[in-house]
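This is input34.cif. It holds mmCIF, N, CA and C atoms.
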```cif
data_target
#
loop_
_atom_site.label_atom_id
_atom_site.label_comp_id
_atom_site.auth_asym_id
_atom_site.auth_seq_id
_atom_site.Cartn_x
_atom_site.Cartn_y
_atom_site.Cartn_z
N MET A 135 11.78 -12.11 -16.20
CA MET A 135 10.69 -11.78 -15.30
C MET A 135 10.36 -10.30 -15.41
N LEU A 136 9.08 -9.97 -15.38
CA LEU A 136 8.63 -8.59 -15.52
C LEU A 136 9.11 -7.67 -14.41
N SER A 137 9.25 -8.19 -13.19
CA SER A 137 9.58 -7.34 -12.06
C SER A 137 10.92 -6.62 -12.24
N LYS A 138 11.79 -7.14 -13.06
CA LYS A 138 13.06 -6.45 -13.31
C LYS A 138 12.84 -5.20 -14.16
N GLN A 139 11.72 -5.13 -14.86
CA GLN A 139 11.40 -3.99 -15.71
C GLN A 139 10.56 -2.95 -14.99
N ILE A 140 9.93 -3.31 -13.89
CA ILE A 140 9.07 -2.38 -13.16
C ILE A 140 9.95 -1.49 -12.30
N LYS A 141 9.78 -0.20 -12.47
CA LYS A 141 10.57 0.77 -11.72
C LYS A 141 9.74 1.39 -10.61
N LEU A 142 10.37 1.67 -9.50
CA LEU A 142 9.70 2.38 -8.41
C LEU A 142 9.42 3.81 -8.83
N LEU A 143 8.39 4.40 -8.27
CA LEU A 143 8.13 5.81 -8.51
C LEU A 143 9.28 6.62 -7.95
N ASP A 144 9.59 7.72 -8.61
CA ASP A 144 10.65 8.61 -8.11
C ASP A 144 10.33 9.02 -6.68
N GLY A 145 11.28 8.87 -5.81
CA GLY A 145 11.12 9.27 -4.42
C GLY A 145 10.56 8.20 -3.51
N ALA A 146 10.14 7.06 -4.06
CA ALA A 146 9.51 6.01 -3.24
C ALA A 146 10.46 5.48 -2.16
N LEU A 147 11.69 5.19 -2.53
CA LEU A 147 12.64 4.63 -1.57
C LEU A 147 12.93 5.63 -0.45
N ASP A 148 13.15 6.89 -0.81
CA ASP A 148 13.38 7.92 0.21
C ASP A 148 12.17 8.09 1.12
N PHE A 149 10.99 7.97 0.55
CA PHE A 149 9.76 8.09 1.34
C PHE A 149 9.67 6.96 2.36
N VAL A 150 9.93 5.74 1.92
CA VAL A 150 9.89 4.60 2.84
C VAL A 150 10.92 4.80 3.96
N LYS A 151 12.09 5.26 3.62
CA LYS A 151 13.12 5.51 4.64
C LYS A 151 12.67 6.58 5.62
N SER A 152 11.99 7.62 5.13
CA SER A 152 11.51 8.67 6.03
C SER A 152 10.43 8.13 6.97
N LEU A 153 9.57 7.25 6.49
CA LEU A 153 8.56 6.64 7.36
C LEU A 153 9.22 5.76 8.41
N GLN A 154 10.26 5.04 8.02
CA GLN A 154 10.98 4.20 8.97
C GLN A 154 11.65 5.05 10.05
N LYS A 155 12.18 6.20 9.67
CA LYS A 155 12.79 7.11 10.66
C LYS A 155 11.76 7.64 11.64
N MET A 156 10.50 7.74 11.18
CA MET A 156 9.41 8.18 12.06
C MET A 156 8.84 7.01 12.86
N HIS A 157 9.47 5.84 12.75
CA HIS A 157 9.12 4.64 13.50
C HIS A 157 7.79 4.01 13.07
N PHE A 158 7.44 4.16 11.81
CA PHE A 158 6.28 3.47 11.28
C PHE A 158 6.67 2.05 10.89
N ASP A 159 5.80 1.11 11.19
CA ASP A 159 5.91 -0.23 10.62
C ASP A 159 5.24 -0.14 9.27
N ILE A 160 5.89 -0.64 8.24
CA ILE A 160 5.39 -0.47 6.88
C ILE A 160 4.91 -1.82 6.34
N TYR A 161 3.71 -1.78 5.79
CA TYR A 161 3.09 -2.95 5.18
C TYR A 161 2.67 -2.55 3.77
N ILE A 162 3.02 -3.34 2.81
CA ILE A 162 2.58 -3.10 1.44
C ILE A 162 1.45 -4.08 1.15
N VAL A 163 0.29 -3.52 0.86
CA VAL A 163 -0.89 -4.31 0.54
C VAL A 163 -1.22 -4.01 -0.91
N THR A 164 -1.12 -5.01 -1.76
CA THR A 164 -1.29 -4.79 -3.18
C THR A 164 -2.14 -5.88 -3.81
N ASP A 165 -2.87 -5.50 -4.84
CA ASP A 165 -3.62 -6.48 -5.62
C ASP A 165 -2.78 -7.08 -6.74
N ALA A 166 -1.55 -6.61 -6.85
CA ALA A 166 -0.63 -7.15 -7.86
C ALA A 166 -0.15 -8.54 -7.41
N PHE A 167 0.51 -9.22 -8.32
CA PHE A 167 1.03 -10.55 -8.03
C PHE A 167 2.52 -10.47 -7.74
N LEU A 168 2.94 -11.12 -6.67
CA LEU A 168 4.35 -11.07 -6.26
C LEU A 168 5.28 -11.49 -7.38
N GLU A 169 4.87 -12.44 -8.18
CA GLU A 169 5.72 -12.95 -9.25
C GLU A 169 5.95 -11.90 -10.34
N ILE A 170 5.15 -10.86 -10.36
CA ILE A 170 5.33 -9.77 -11.33
C ILE A 170 6.09 -8.61 -10.71
N ILE A 171 5.80 -8.29 -9.45
CA ILE A 171 6.38 -7.10 -8.82
C ILE A 171 7.51 -7.40 -7.85
N GLY A 172 7.84 -8.66 -7.66
CA GLY A 172 8.76 -9.10 -6.61
C GLY A 172 10.04 -8.31 -6.46
N ASP A 173 10.83 -8.21 -7.51
CA ASP A 173 12.13 -7.53 -7.40
C ASP A 173 11.97 -6.05 -7.10
N SER A 174 11.00 -5.42 -7.72
CA SER A 174 10.83 -3.98 -7.50
C SER A 174 10.42 -3.69 -6.06
N VAL A 175 9.55 -4.50 -5.49
CA VAL A 175 9.13 -4.28 -4.11
C VAL A 175 10.26 -4.58 -3.14
N LYS A 176 11.06 -5.59 -3.44
CA LYS A 176 12.20 -5.91 -2.57
C LYS A 176 13.16 -4.74 -2.48
N ASN A 177 13.24 -3.94 -3.53
CA ASN A 177 14.14 -2.78 -3.52
C ASN A 177 13.73 -1.73 -2.49
N LEU A 178 12.50 -1.79 -2.02
CA LEU A 178 12.05 -0.85 -1.00
C LEU A 178 12.53 -1.23 0.40
N GLY A 179 12.96 -2.47 0.56
CA GLY A 179 13.43 -2.91 1.87
C GLY A 179 12.30 -3.11 2.88
N VAL A 180 11.12 -3.46 2.39
CA VAL A 180 9.97 -3.69 3.26
C VAL A 180 9.73 -5.20 3.33
N CYS A 181 9.63 -5.71 4.54
CA CYS A 181 9.44 -7.16 4.71
C CYS A 181 7.97 -7.57 4.71
N ASN A 182 7.09 -6.69 5.11
CA ASN A 182 5.68 -7.01 5.25
C ASN A 182 4.94 -6.68 3.96
N ILE A 183 4.84 -7.67 3.09
CA ILE A 183 4.20 -7.48 1.79
C ILE A 183 3.03 -8.45 1.68
N TYR A 184 1.88 -7.93 1.28
CA TYR A 184 0.67 -8.73 1.14
C TYR A 184 0.16 -8.67 -0.30
N PRO A 185 0.78 -9.45 -1.19
CA PRO A 185 0.35 -9.49 -2.59
C PRO A 185 -0.49 -10.74 -2.87
N ASN A 186 -0.97 -10.84 -4.08
CA ASN A 186 -1.57 -12.08 -4.57
C ASN A 186 -0.43 -12.93 -5.14
N HIS A 187 -0.73 -14.20 -5.45
CA HIS A 187 0.30 -15.11 -5.95
C HIS A 187 -0.21 -15.95 -7.11
N PHE A 188 0.71 -16.31 -7.99
CA PHE A 188 0.42 -17.26 -9.06
C PHE A 188 0.91 -18.64 -8.65
N ILE A 189 0.22 -19.64 -9.12
CA ILE A 189 0.70 -21.03 -9.03
C ILE A 189 1.15 -21.40 -10.44
N CYS A 190 2.37 -21.89 -10.56
CA CYS A 190 2.92 -22.24 -11.87
C CYS A 190 3.26 -23.73 -11.91
N ASP A 191 3.15 -24.30 -13.09
CA ASP A 191 3.54 -25.70 -13.24
C ASP A 191 5.05 -25.79 -13.46
N GLU A 192 5.56 -27.00 -13.62
CA GLU A 192 7.01 -27.20 -13.76
C GLU A 192 7.59 -26.54 -15.00
N SER A 193 6.75 -26.21 -15.98
CA SER A 193 7.22 -25.52 -17.18
C SER A 193 7.17 -24.01 -17.04
N GLY A 194 6.64 -23.54 -15.92
CA GLY A 194 6.56 -22.10 -15.68
C GLY A 194 5.26 -21.46 -16.12
N TYR A 195 4.30 -22.26 -16.58
CA TYR A 195 3.01 -21.71 -16.99
C TYR A 195 2.10 -21.51 -15.78
N ILE A 196 1.40 -20.41 -15.78
CA ILE A 196 0.47 -20.12 -14.69
C ILE A 196 -0.72 -21.07 -14.78
N THR A 197 -0.97 -21.74 -13.67
CA THR A 197 -2.10 -22.68 -13.63
C THR A 197 -3.22 -22.21 -12.71
N ASP A 198 -2.90 -21.27 -11.82
CA ASP A 198 -3.92 -20.78 -10.89
C ASP A 198 -3.44 -19.48 -10.28
N ALA A 199 -4.36 -18.80 -9.65
CA ALA A 199 -4.03 -17.57 -8.94
C ALA A 199 -4.61 -17.67 -7.53
N ILE A 200 -3.84 -17.21 -6.57
CA ILE A 200 -4.30 -17.19 -5.18
C ILE A 200 -4.49 -15.73 -4.79
N TYR A 201 -5.72 -15.39 -4.46
CA TYR A 201 -6.05 -14.03 -4.05
C TYR A 201 -6.06 -14.00 -2.53
N MET A 202 -5.33 -13.06 -1.96
CA MET A 202 -5.06 -13.05 -0.53
C MET A 202 -6.16 -12.44 0.33
N ARG A 203 -7.10 -11.77 -0.28
CA ARG A 203 -8.17 -11.13 0.48
C ARG A 203 -9.52 -11.44 -0.16
N GLU A 204 -10.53 -11.49 0.68
CA GLU A 204 -11.87 -11.74 0.17
C GLU A 204 -12.66 -10.46 -0.06
N LYS A 205 -12.49 -9.48 0.83
CA LYS A 205 -13.34 -8.30 0.79
C LYS A 205 -12.60 -7.04 0.35
N GLY A 206 -11.35 -6.91 0.69
CA GLY A 206 -10.63 -5.70 0.32
C GLY A 206 -9.35 -5.54 1.11
N LYS A 207 -8.59 -4.54 0.73
CA LYS A 207 -7.29 -4.30 1.37
C LYS A 207 -7.41 -3.94 2.85
N TYR A 208 -8.56 -3.40 3.23
CA TYR A 208 -8.74 -3.04 4.63
C TYR A 208 -8.60 -4.25 5.56
N GLU A 209 -8.84 -5.45 5.04
CA GLU A 209 -8.75 -6.66 5.87
C GLU A 209 -7.36 -6.80 6.51
N VAL A 210 -6.34 -6.45 5.76
CA VAL A 210 -4.97 -6.55 6.29
C VAL A 210 -4.79 -5.51 7.40
N LEU A 211 -5.22 -4.30 7.16
CA LEU A 211 -5.10 -3.24 8.16
C LEU A 211 -5.91 -3.59 9.41
N GLU A 212 -7.09 -4.12 9.22
CA GLU A 212 -7.93 -4.53 10.35
C GLU A 212 -7.20 -5.55 11.22
N GLN A 213 -6.57 -6.54 10.60
CA GLN A 213 -5.85 -7.57 11.36
C GLN A 213 -4.64 -6.99 12.09
N ILE A 214 -3.91 -6.12 11.43
CA ILE A 214 -2.74 -5.51 12.06
C ILE A 214 -3.16 -4.70 13.28
N LEU A 215 -4.23 -3.94 13.14
CA LEU A 215 -4.67 -3.09 14.25
C LEU A 215 -5.25 -3.90 15.40
N LYS A 216 -5.75 -5.09 15.14
CA LYS A 216 -6.18 -5.97 16.23
C LYS A 216 -4.97 -6.39 17.06
N GLU A 217 -3.86 -6.61 16.39
CA GLU A 217 -2.63 -7.03 17.07
C GLU A 217 -1.93 -5.87 17.75
N LYS A 218 -2.02 -4.69 17.17
CA LYS A 218 -1.33 -3.51 17.69
C LYS A 218 -2.37 -2.50 18.16
N ARG A 219 -2.98 -2.80 19.25
CA ARG A 219 -4.06 -1.96 19.75
C ARG A 219 -3.61 -0.52 19.94
N ASN A 220 -4.50 0.38 19.61
CA ASN A 220 -4.29 1.82 19.75
C ASN A 220 -3.17 2.37 18.87
N ALA A 221 -2.74 1.62 17.88
CA ALA A 221 -1.70 2.11 16.97
C ALA A 221 -2.32 3.14 16.02
N TYR A 222 -1.57 4.17 15.75
CA TYR A 222 -1.98 5.16 14.75
C TYR A 222 -1.67 4.56 13.38
N SER A 223 -2.63 4.63 12.48
CA SER A 223 -2.43 4.02 11.17
C SER A 223 -2.67 5.02 10.05
N ILE A 224 -1.87 4.86 9.01
CA ILE A 224 -2.10 5.60 7.78
C ILE A 224 -2.21 4.58 6.65
N ALA A 225 -2.86 4.97 5.59
CA ALA A 225 -2.93 4.14 4.39
C ALA A 225 -2.76 5.07 3.20
N ILE A 226 -2.09 4.57 2.19
CA ILE A 226 -1.83 5.35 0.99
C ILE A 226 -2.26 4.51 -0.21
N GLY A 227 -3.07 5.08 -1.06
CA GLY A 227 -3.52 4.37 -2.24
C GLY A 227 -3.88 5.36 -3.33
N ASP A 228 -4.10 4.84 -4.54
CA ASP A 228 -4.32 5.76 -5.65
C ASP A 228 -5.62 5.56 -6.41
N THR A 229 -6.38 4.51 -6.07
CA THR A 229 -7.58 4.27 -6.86
C THR A 229 -8.65 3.53 -6.07
N PHE A 230 -9.71 3.15 -6.75
CA PHE A 230 -10.92 2.61 -6.15
C PHE A 230 -10.67 1.41 -5.24
N ASN A 231 -9.80 0.50 -5.63
CA ASN A 231 -9.58 -0.69 -4.82
C ASN A 231 -8.87 -0.38 -3.50
N ASP A 232 -8.45 0.85 -3.32
CA ASP A 232 -7.81 1.28 -2.07
C ASP A 232 -8.78 1.98 -1.12
N PHE A 233 -9.96 2.32 -1.59
CA PHE A 233 -10.87 3.17 -0.82
C PHE A 233 -11.22 2.59 0.55
N THR A 234 -11.52 1.29 0.64
CA THR A 234 -11.90 0.74 1.94
C THR A 234 -10.74 0.79 2.93
N MET A 235 -9.52 0.58 2.43
CA MET A 235 -8.34 0.65 3.29
C MET A 235 -8.11 2.09 3.75
N LEU A 236 -8.23 3.04 2.83
CA LEU A 236 -8.03 4.45 3.18
C LEU A 236 -9.05 4.89 4.22
N ASP A 237 -10.27 4.42 4.07
CA ASP A 237 -11.33 4.78 4.99
C ASP A 237 -11.12 4.15 6.36
N TYR A 238 -10.55 2.97 6.40
CA TYR A 238 -10.34 2.25 7.65
C TYR A 238 -9.20 2.86 8.49
N ALA A 239 -8.21 3.42 7.82
CA ALA A 239 -7.04 3.98 8.51
C ALA A 239 -7.41 5.26 9.26
N ASP A 240 -6.58 5.62 10.23
CA ASP A 240 -6.78 6.90 10.91
C ASP A 240 -6.65 8.06 9.93
N ASP A 241 -5.67 7.97 9.05
CA ASP A 241 -5.49 8.96 7.99
C ASP A 241 -5.29 8.23 6.68
N GLY A 242 -6.17 8.46 5.72
CA GLY A 242 -6.07 7.85 4.41
C GLY A 242 -5.64 8.87 3.38
N PHE A 243 -4.57 8.57 2.67
CA PHE A 243 -4.02 9.48 1.67
C PHE A 243 -4.31 8.93 0.28
N LEU A 244 -5.01 9.71 -0.52
CA LEU A 244 -5.28 9.35 -1.90
C LEU A 244 -4.17 9.98 -2.73
N PHE A 245 -3.29 9.14 -3.23
CA PHE A 245 -2.04 9.58 -3.85
C PHE A 245 -2.19 9.79 -5.35
N ASN A 246 -2.07 11.03 -5.77
CA ASN A 246 -2.07 11.39 -7.18
C ASN A 246 -3.16 10.65 -7.97
N PRO A 247 -4.41 10.79 -7.54
CA PRO A 247 -5.49 10.01 -8.15
C PRO A 247 -5.90 10.52 -9.53
N SER A 248 -6.53 9.63 -10.28
CA SER A 248 -7.13 10.05 -11.54
C SER A 248 -8.32 10.95 -11.23
N GLN A 249 -8.78 11.67 -12.22
CA GLN A 249 -9.94 12.54 -12.03
C GLN A 249 -11.17 11.72 -11.63
N GLN A 250 -11.34 10.55 -12.23
CA GLN A 250 -12.49 9.70 -11.91
C GLN A 250 -12.43 9.21 -10.47
N ALA A 251 -11.25 8.78 -10.02
CA ALA A 251 -11.11 8.34 -8.63
C ALA A 251 -11.36 9.50 -7.68
N LEU A 252 -10.88 10.66 -8.03
CA LEU A 252 -11.06 11.84 -7.20
C LEU A 252 -12.54 12.18 -7.04
N LEU A 253 -13.29 12.05 -8.11
CA LEU A 253 -14.73 12.35 -8.05
C LEU A 253 -15.49 11.38 -7.16
N MET A 254 -15.01 10.15 -7.05
CA MET A 254 -15.72 9.13 -6.28
C MET A 254 -15.16 8.96 -4.87
N ALA A 255 -14.09 9.66 -4.55
CA ALA A 255 -13.41 9.49 -3.27
C ALA A 255 -14.20 10.13 -2.13
N SER A 256 -14.00 9.57 -0.96
CA SER A 256 -14.58 10.13 0.25
C SER A 256 -13.95 11.49 0.55
N PRO A 257 -14.73 12.43 1.05
CA PRO A 257 -14.15 13.72 1.44
C PRO A 257 -13.20 13.59 2.64
N ASN A 258 -13.21 12.42 3.30
CA ASN A 258 -12.32 12.18 4.43
C ASN A 258 -10.89 11.87 4.00
N PHE A 259 -10.69 11.52 2.73
CA PHE A 259 -9.35 11.21 2.25
C PHE A 259 -8.55 12.49 2.08
N ARG A 260 -7.28 12.41 2.38
CA ARG A 260 -6.38 13.53 2.13
C ARG A 260 -5.77 13.32 0.75
N VAL A 261 -6.10 14.20 -0.17
CA VAL A 261 -5.58 14.09 -1.53
C VAL A 261 -4.19 14.71 -1.56
N VAL A 262 -3.21 13.91 -2.01
CA VAL A 262 -1.83 14.38 -2.10
C VAL A 262 -1.30 14.08 -3.49
N ARG A 263 -0.36 14.88 -3.92
CA ARG A 263 0.22 14.71 -5.25
C ARG A 263 1.65 14.20 -5.22
N ASN A 264 2.27 14.19 -4.03
CA ASN A 264 3.64 13.70 -3.92
C ASN A 264 3.92 13.21 -2.50
N TYR A 265 5.03 12.54 -2.34
CA TYR A 265 5.40 11.98 -1.05
C TYR A 265 5.68 13.05 -0.01
N ASP A 266 6.25 14.18 -0.44
CA ASP A 266 6.57 15.24 0.51
C ASP A 266 5.34 15.76 1.25
N GLN A 267 4.20 15.79 0.57
CA GLN A 267 2.97 16.25 1.23
C GLN A 267 2.58 15.31 2.37
N ILE A 268 2.78 14.04 2.18
CA ILE A 268 2.47 13.07 3.24
C ILE A 268 3.45 13.23 4.39
N THR A 269 4.73 13.32 4.06
CA THR A 269 5.77 13.46 5.09
C THR A 269 5.54 14.71 5.93
N GLU A 270 5.25 15.82 5.29
CA GLU A 270 5.02 17.07 6.02
C GLU A 270 3.79 16.95 6.93
N TYR A 271 2.73 16.36 6.44
CA TYR A 271 1.54 16.17 7.25
C TYR A 271 1.88 15.33 8.49
N LEU A 272 2.58 14.22 8.28
CA LEU A 272 2.91 13.33 9.39
C LEU A 272 3.84 13.98 10.40
N LYS A 273 4.80 14.74 9.93
CA LYS A 273 5.69 15.45 10.86
C LYS A 273 4.89 16.38 11.76
N GLY A 274 3.94 17.12 11.16
CA GLY A 274 3.10 18.01 11.94
C GLY A 274 2.20 17.27 12.91
N LYS A 275 1.69 16.16 12.51
CA LYS A 275 0.77 15.37 13.34
C LYS A 275 1.52 14.69 14.50
N LEU A 276 2.72 14.24 14.26
CA LEU A 276 3.46 13.46 15.24
C LEU A 276 4.27 14.31 16.21
N GLU A 277 4.38 15.59 15.94
CA GLU A 277 5.17 16.46 16.84
C GLU A 277 4.44 16.79 18.10
#
```
Rewrite the structure from the file as structure tokens, please.
Amino acid sequence: MLSKQIKLLDGALDFVKSLQKMHFDIYIVTDAFLEIIGDSVKNLGVCNIYPNHFICDESGYITDAIYMREKGKYEVLEQILKEKRNAYSIAIGDTFNDFTMLDYADDGFLFNPSQQALLMASPNFRVVRNYDQITEYLKGKLE
């Protein structure tokens, strides 16, 4: 399985732990397929994962794909915030398919984006190059 070959970004696990210490509920919203990223995401220790899924036949061949959202990643955040009224939300993403989610959150972090994504990004996004920049911002905001 490919997920055994996919490595987490350096510092990702420590970052997730720091968010948990700040009492954030963590949700991973991805356009990837769980069957590809499963083991690597499990290593983060996050239970709330919203990926797409493959349907496979008895021989293991992919026969279909189930896409979990119709409009964009913001749909997951929108639903969570309906359930957790007045919750402060952040979103972190790195490219175009994350823009609606970043815009929907109270604070949207554009993480180490490509030059093209940076040119098309909303000026409301906080551009960050590493996890420490997000952690420092949140510590200042939450104090």
### Task
Taking the DSSP assignment computed from this structure's backbone, write out as a count of residues only all residues of range 144-209 of chain A that belong to strand (DSSP E or B).
21
#### Entry: Using only N, CA and C atoms: which of A:Phe230, A:Ser223, A:Ile162, A:Ile200 has the shortest distance to Met254 in chain A
A:Phe230
### Task
With the file shown as input, list the residues that the PyMOL selection byres ((chain A and resi 137-153) around 7) selects, as an NGL selection string.
:A and (135-136 or 154-159 or 169-174 or 177-178 or 265)
### Message
Taking the file as I've supplied it (selection: the PyMOL selection byres (((chain A and resi 226 and name CA) around 12) and name CA)), which residues are included? Please answer as a PyMOL selection string.
### Response
chain A and resi 149-150+160-164+207-208+211+223-225+227-247+259-265+267-269
### Task
Figure out the distance between CA of Lys176 in chain A and CA of Leu276 in chain A, please, to one decimal in Å.
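Computed distance, CA of Leu276 in chain A to CA of Lys176 in chain A, equals 27.7 Å.
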### Query
To one decimal place, how far is CA of Ile214 in chain A from CA of Phe167 in chain A in Å?
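Computing the Euclidean distance for CA of Ile214 in chain A and CA of Phe167 in chain A yields 21.1 Å.
Counting from atom N of Val175 in chain A, the distance to atom N of Phe188 in chain A is 15.0 Å.
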Give the padded box for range 191-208 of chain A as lines of an AutoDock Vina configuration file: axis-aligned, covering all atoms listed in the file, 3 Å on each side, centre and edge lengths in Å to one decimal.
```
center_x = -2.9
center_y = -15.1
center_z = -5.8
size_x = 26.9
size_y = 30.2
size_z = 28.7
```
### Message
From a backbone DSSP assignment, name each residue in range 208-276 of chain A labelled alpha helix (DSSP H), as a ChimeraX atom specification.
### Response
/A:208-217,233-238,249-254,265-276
